[in-house]
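*Asks:* Got a structure for you, questions after.
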Amino acid sequence: MTHAIPLARPVIGEREEELVLEVLRSGRLSLGPRLEEFERGFARWIGVGHASAVSSGTAALHLAVRAAGIQDGDEVVTTPFSFVASANCVLYERARPVFCDIDPRTLNIDPAAAEAAVGDRTAGLLPVHVFGYPVDMPALERIAAQRSLWIVEDACEALGGRHADGRAIGARGNLAAFAFYANKQLTTGEGGMVVCRDGDDKVRIDSERNQGRAPDMSWLDHDRLGFNYRLSDIACALGVAQLARLDDLLSARARVASLYGEILADIEGLELPCPDADGDIRGWFVYVVQLPRDADRGRVIALLREQGIESKPYLPAIHLMSFYRERFGHREGEFPVCEDAARRSLALPFFPEMTEGQVARVADGLAAAVGAARTVSTRT
């Protein structure tokens, strides 16, 4: 059988192994020197004053909304087309995520819909840079300024993306969360980062990730509620090594995306990720296509699997998940653009070391699967 093509594969080399081994031999496995080195390097790369490494992107979002000032009973306007953590982090603080529809081109939150969703109890906006494409932050920042709202950016999929003004995603001065899961642009296995402009925010986040321990690290006092959201020095060593070659990793991802864009363009009815426009630059995380409306996605996935090609529905609509339906009474038809994208989205294999031959194999397999799935759909 032809070798399977995985959905994602991290690039781990000798430098990562060397730095991890150094940490293991040092005996400082957590809260050691690699933590600060990773944070400072990441803040410098993004172009912000401060960064705090944490155990996951979800932890980063949770600590970011706390630092922003979320309160019990608040409402936070966000997108239903995202990984569920961007909504869950609001619920952790007994606030409510208020969803609004998305832009059909970028799949990001629609600023006009977001403004319409703002109500008397709205405290903040939580936009998600979906699949690495920059949100229209100037529009959201105007809304926030007019309504005195805070903003937390979910940049967990968007490392490497840039806004039209040249600033990196996460560098606009808002609290922003990044994630380093194994399929991300930079990986620490598990892990995340909160970036911020205010040094007081970093002090708070650093304390809360470590059980609320006092800033002087005294064992005798924990002066606030905290969590165990620490990122080990082993993981930070991976991050330091990955950060040193992040530009190359991002370029490799852009190369694979370009190959896909050329070879998939002829599949009738298939919608590709929107190209960069108006100066915005995507930070390539995944390669997600929208299948033709008459194609059975489950059948496409099954046919690809038979050919040794992994694929995955990406992303489901959060408001239609069983928990959110039962908790808030959401129903189909509330956010039609989101729901259409969620029904048709399919993530294809995508990783920096993907070869031109592998891309061609995926494209051929997808074309055949879509054709077969359309036939089945038409007959039924």
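Letters A, B, ... mark the chains of the structure tokens in the order given; residue numbers begin at 1 per chain; ligand numbers begin at 1, in order shown.
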Applying 12 Å and only C-alpha atoms, which residues near segment 149-151 of chain A remain after dropping the ones on its own chain fewer than 5 positions away? List them as a PyMOL selection string.
*Replies:* chain A and resi 61+64-71+74-78+115+118-128+137-138+140-144+170+172-177+196
*Asks:* If DSSP is run on the backbone, what residues of segment 11-161 of chain A are alpha helix (DSSP H)? A reply as a PyMOL selection string would be ideal.
*Replies:* chain A and resi 14-26+33-46+57-68+85-91+111-117+137-147
*Asks:* Could you pull the residues within 12 Å of Gly41 of chain A, counting only C-alpha atoms, minus those fewer than 6 positions along the same chain, as a ChimeraX atom specification?
*Replies:* /A:34-35,47-53,193,195,236-237,239-246
*Asks:* Per DSSP on the backbone, what are the strand (DSSP E) residues of segment 81-309 of chain A, as a ChimeraX atom specification?
*Replies:* /A:96-99,122-126,150-154,175-179,192-196,287-290
*Asks:* Restricting it to N, CA, C and O atoms, dump the selection as a compact mmCIF listing (two decimals), in the first residue's frame.
*Replies:*
# COMPACT_ATOMS: atom_id res chain seq x y z
N ARG A 96 -21.12 34.93 29.25
CA ARG A 96 -21.83 34.27 28.15
C ARG A 96 -21.25 34.68 26.80
O ARG A 96 -21.13 35.88 26.51
N PRO A 97 -20.89 33.71 25.96
CA PRO A 97 -20.50 34.04 24.60
C PRO A 97 -21.74 34.35 23.76
O PRO A 97 -22.70 33.58 23.75
N VAL A 98 -21.71 35.48 23.08
CA VAL A 98 -22.79 35.87 22.18
C VAL A 98 -22.24 35.77 20.76
O VAL A 98 -21.31 36.49 20.40
N PHE A 99 -22.81 34.87 19.98
CA PHE A 99 -22.29 34.62 18.65
C PHE A 99 -22.88 35.57 17.62
O PHE A 99 -23.99 36.10 17.79
N THR A 122 -22.77 43.61 27.11
CA THR A 122 -21.53 43.28 26.41
C THR A 122 -20.35 43.96 27.06
O THR A 122 -20.35 45.18 27.27
N ALA A 123 -19.32 43.18 27.38
CA ALA A 123 -18.10 43.72 28.00
C ALA A 123 -16.92 43.67 27.07
O ALA A 123 -15.98 44.47 27.21
N GLY A 124 -16.93 42.74 26.11
CA GLY A 124 -15.76 42.59 25.27
C GLY A 124 -16.05 41.91 23.95
O GLY A 124 -17.14 41.38 23.72
N LEU A 125 -15.04 41.93 23.10
CA LEU A 125 -15.07 41.25 21.81
C LEU A 125 -13.94 40.23 21.80
O LEU A 125 -12.83 40.51 22.25
N LEU A 126 -14.23 39.04 21.26
CA LEU A 126 -13.21 38.00 21.17
C LEU A 126 -13.17 37.48 19.72
O LEU A 126 -13.80 36.47 19.40
N TRP A 150 -13.47 45.77 25.92
CA TRP A 150 -12.12 45.22 25.78
C TRP A 150 -12.09 44.25 24.59
O TRP A 150 -13.13 43.79 24.12
N ILE A 151 -10.89 43.96 24.12
CA ILE A 151 -10.68 43.00 23.04
C ILE A 151 -9.63 42.00 23.47
O ILE A 151 -8.57 42.38 23.97
N VAL A 152 -9.93 40.73 23.28
CA VAL A 152 -8.93 39.66 23.37
C VAL A 152 -8.91 38.97 22.02
O VAL A 152 -9.95 38.53 21.52
N GLU A 153 -7.74 38.87 21.41
CA GLU A 153 -7.61 38.23 20.10
C GLU A 153 -7.21 36.77 20.27
O GLU A 153 -6.23 36.46 20.96
N ASP A 154 -7.99 35.89 19.64
CA ASP A 154 -7.60 34.49 19.55
C ASP A 154 -6.74 34.34 18.30
O ASP A 154 -7.24 34.26 17.18
N LEU A 175 -4.64 42.18 24.25
CA LEU A 175 -4.25 40.87 24.73
C LEU A 175 -4.52 39.85 23.64
O LEU A 175 -5.57 39.89 22.99
N ALA A 176 -3.58 38.96 23.40
CA ALA A 176 -3.74 37.97 22.33
C ALA A 176 -3.18 36.63 22.79
O ALA A 176 -2.19 36.57 23.53
N ALA A 177 -3.84 35.56 22.34
CA ALA A 177 -3.46 34.20 22.73
C ALA A 177 -2.97 33.43 21.52
O ALA A 177 -3.58 33.47 20.45
N PHE A 178 -1.87 32.69 21.72
CA PHE A 178 -1.32 31.81 20.70
C PHE A 178 -1.29 30.38 21.24
O PHE A 178 -1.36 30.17 22.45
N ALA A 179 -1.17 29.42 20.33
CA ALA A 179 -1.14 28.00 20.73
C ALA A 179 -0.04 27.27 19.98
O ALA A 179 0.28 27.62 18.84
N GLY A 192 1.04 27.23 24.98
CA GLY A 192 0.43 28.46 24.49
C GLY A 192 1.18 29.66 25.00
O GLY A 192 2.14 29.55 25.77
N MET A 193 0.73 30.85 24.57
CA MET A 193 1.38 32.10 24.96
C MET A 193 0.34 33.21 24.97
O MET A 193 -0.50 33.29 24.08
N VAL A 194 0.41 34.04 26.01
CA VAL A 194 -0.36 35.29 26.04
C VAL A 194 0.61 36.43 25.80
O VAL A 194 1.65 36.50 26.46
N VAL A 195 0.28 37.30 24.84
CA VAL A 195 1.12 38.47 24.62
C VAL A 195 0.32 39.71 25.03
O VAL A 195 -0.90 39.76 24.89
N CYS A 196 1.02 40.69 25.55
CA CYS A 196 0.35 41.89 26.04
C CYS A 196 1.31 43.08 26.01
O CYS A 196 2.52 42.93 25.94
N TYR A 287 -4.82 23.80 5.69
CA TYR A 287 -5.35 24.08 4.36
C TYR A 287 -6.76 23.50 4.30
O TYR A 287 -6.95 22.29 4.23
N VAL A 288 -7.75 24.39 4.38
CA VAL A 288 -9.15 23.99 4.46
C VAL A 288 -9.88 24.45 3.21
O VAL A 288 -9.86 25.64 2.88
N VAL A 289 -10.52 23.51 2.54
CA VAL A 289 -11.33 23.83 1.36
C VAL A 289 -12.80 23.72 1.71
O VAL A 289 -13.18 23.09 2.72
N GLN A 290 -13.64 24.33 0.88
CA GLN A 290 -15.08 24.18 0.99
C GLN A 290 -15.55 23.30 -0.16
O GLN A 290 -15.37 23.65 -1.33
*Asks:* Excluding Ser55 of chain A and its own-chain neighbours fewer than 5 positions away, which residues fall within 10 Å of it when counting only C-alpha atoms? Please give them as number ranges by chain.
*Replies:* A: 60, 179-181, 188-193, 209, 228-232, 235
*Asks:* Would you work out the distance separating atom CA of Arg147 of chain A from atom CA of Ile318 of chain A, expressed in Å to one decimal?
*Replies:* 25.8 Å
*Asks:* Between atom CA of Ala277 of chain A and atom CA of Ala43 of chain A, what distance in Å does the model show, to one decimal?
*Replies:* 26.3 Å
*Asks:* Report as a tab-separated table the residues of segment 200-254 of chain A within 7 Å of segment 17-28 of chain A, each with its shortest atom pair and distance in Å (one decimal), using only C-alpha atoms, ordered by chain and increasing residue number.
*Replies:*
residue	atom	partner	partner_atom	distance
A:Asp233	CA	A:Val23	CA	6.8
A:Ile234	CA	A:Val20	CA	5.5
A:Ala237	CA	A:Leu19	CA	5.4
A:Leu238	CA	A:Val20	CA	6.5
*Asks:* Would you put the residues from that selection into a file with C-alpha atoms, as an mmCIF file, in the first residue's frame?
*Replies:*
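As a result, again.cif now contains:
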data_model
loop_
_atom_site.group_PDB
_atom_site.id
_atom_site.type_symbol
_atom_site.label_atom_id
_atom_site.label_comp_id
_atom_site.auth_asym_id
_atom_site.auth_seq_id
_atom_site.Cartn_x
_atom_site.Cartn_y
_atom_site.Cartn_z
ATOM 1 C CA ASP A 233 11.151 23.956 30.506
ATOM 2 C CA ILE A 234 11.201 20.830 28.342
ATOM 3 C CA ALA A 237 13.291 24.219 24.976
ATOM 4 C CA LEU A 238 11.344 22.929 21.994
#
*Asks:* Find the residues around Glu271 of chain A up to 10 Å (only C-alpha atoms counted), leave out those fewer than 3 positions away in its own chain, and share them as a compact mmCIF listing (two decimals) with C-alpha atoms, in the first residue's frame.
*Replies:*
# COMPACT_ATOMS: atom_id res chain seq x y z
CA ARG A 105 -14.76 35.25 2.14
CA LEU A 264 -6.83 22.38 -6.92
CA ALA A 265 -8.08 25.34 -8.94
CA ILE A 267 -11.93 21.09 -9.39
CA GLU A 268 -15.39 22.37 -10.24
CA CYS A 274 -9.26 33.16 0.25
CA VAL A 288 -9.15 23.99 4.46
CA VAL A 289 -11.33 23.83 1.36
CA GLN A 290 -15.08 24.18 0.99
CA LEU A 291 -16.57 21.22 -0.84
CA PRO A 292 -19.22 21.68 -3.54
CA ARG A 344 -18.68 22.00 3.68
CA SER A 345 -15.26 22.57 5.23
*Asks:* Can you tell me which residues surround Asp221 of chain A at a distance of at most 12 Å, considering only C-alpha atoms, apart from same-chain residues fewer than 4 positions away, and format the answer as a ChimeraX atom specification?
*Replies:* /A:207,210-217,225-226
*Asks:* Go ahead and write the selection's residues with C-alpha atoms as an mmCIF file, in the first residue's frame.
*Replies:*
data_model
loop_
_atom_site.group_PDB
_atom_site.id
_atom_site.type_symbol
_atom_site.label_atom_id
_atom_site.label_comp_id
_atom_site.auth_asym_id
_atom_site.auth_seq_id
_atom_site.Cartn_x
_atom_site.Cartn_y
_atom_site.Cartn_z
ATOM 1 C CA SER A 207 1.027 34.607 38.847
ATOM 2 C CA ASN A 210 1.289 29.340 38.793
ATOM 3 C CA GLN A 211 -1.536 28.901 41.308
ATOM 4 C CA GLY A 212 -1.666 32.621 42.124
ATOM 5 C CA ARG A 213 1.757 32.609 43.733
ATOM 6 C CA ALA A 214 3.035 36.031 44.795
ATOM 7 C CA PRO A 215 5.215 37.856 42.243
ATOM 8 C CA ASP A 216 8.342 37.297 44.356
ATOM 9 C CA MET A 217 7.670 33.521 43.980
ATOM 10 C CA LEU A 225 -6.820 32.723 42.684
ATOM 11 C CA GLY A 226 -4.654 30.837 40.238
#
*Asks:* Between atom CA of Cys100 of chain A and atom CA of Ala116 of chain A, what is the spacing in Å?
*Replies:* 8.3 Å
*Asks:* Residues within 12 Å of Glu332 of chain A, please, as an MDAnalysis selection string. Count only C-alpha atoms; anything in the same chain fewer than 4 positions from it doesn't count.
*Replies:* chainID A and resid 317:322 324:325 336:340 342:343
*Asks:* A:Asp247, A:Glu157, A:Arg331, A:Ala168: which is nearest Ile46 of chain A, counting only C-alpha atoms?
*Replies:* A:Ala168
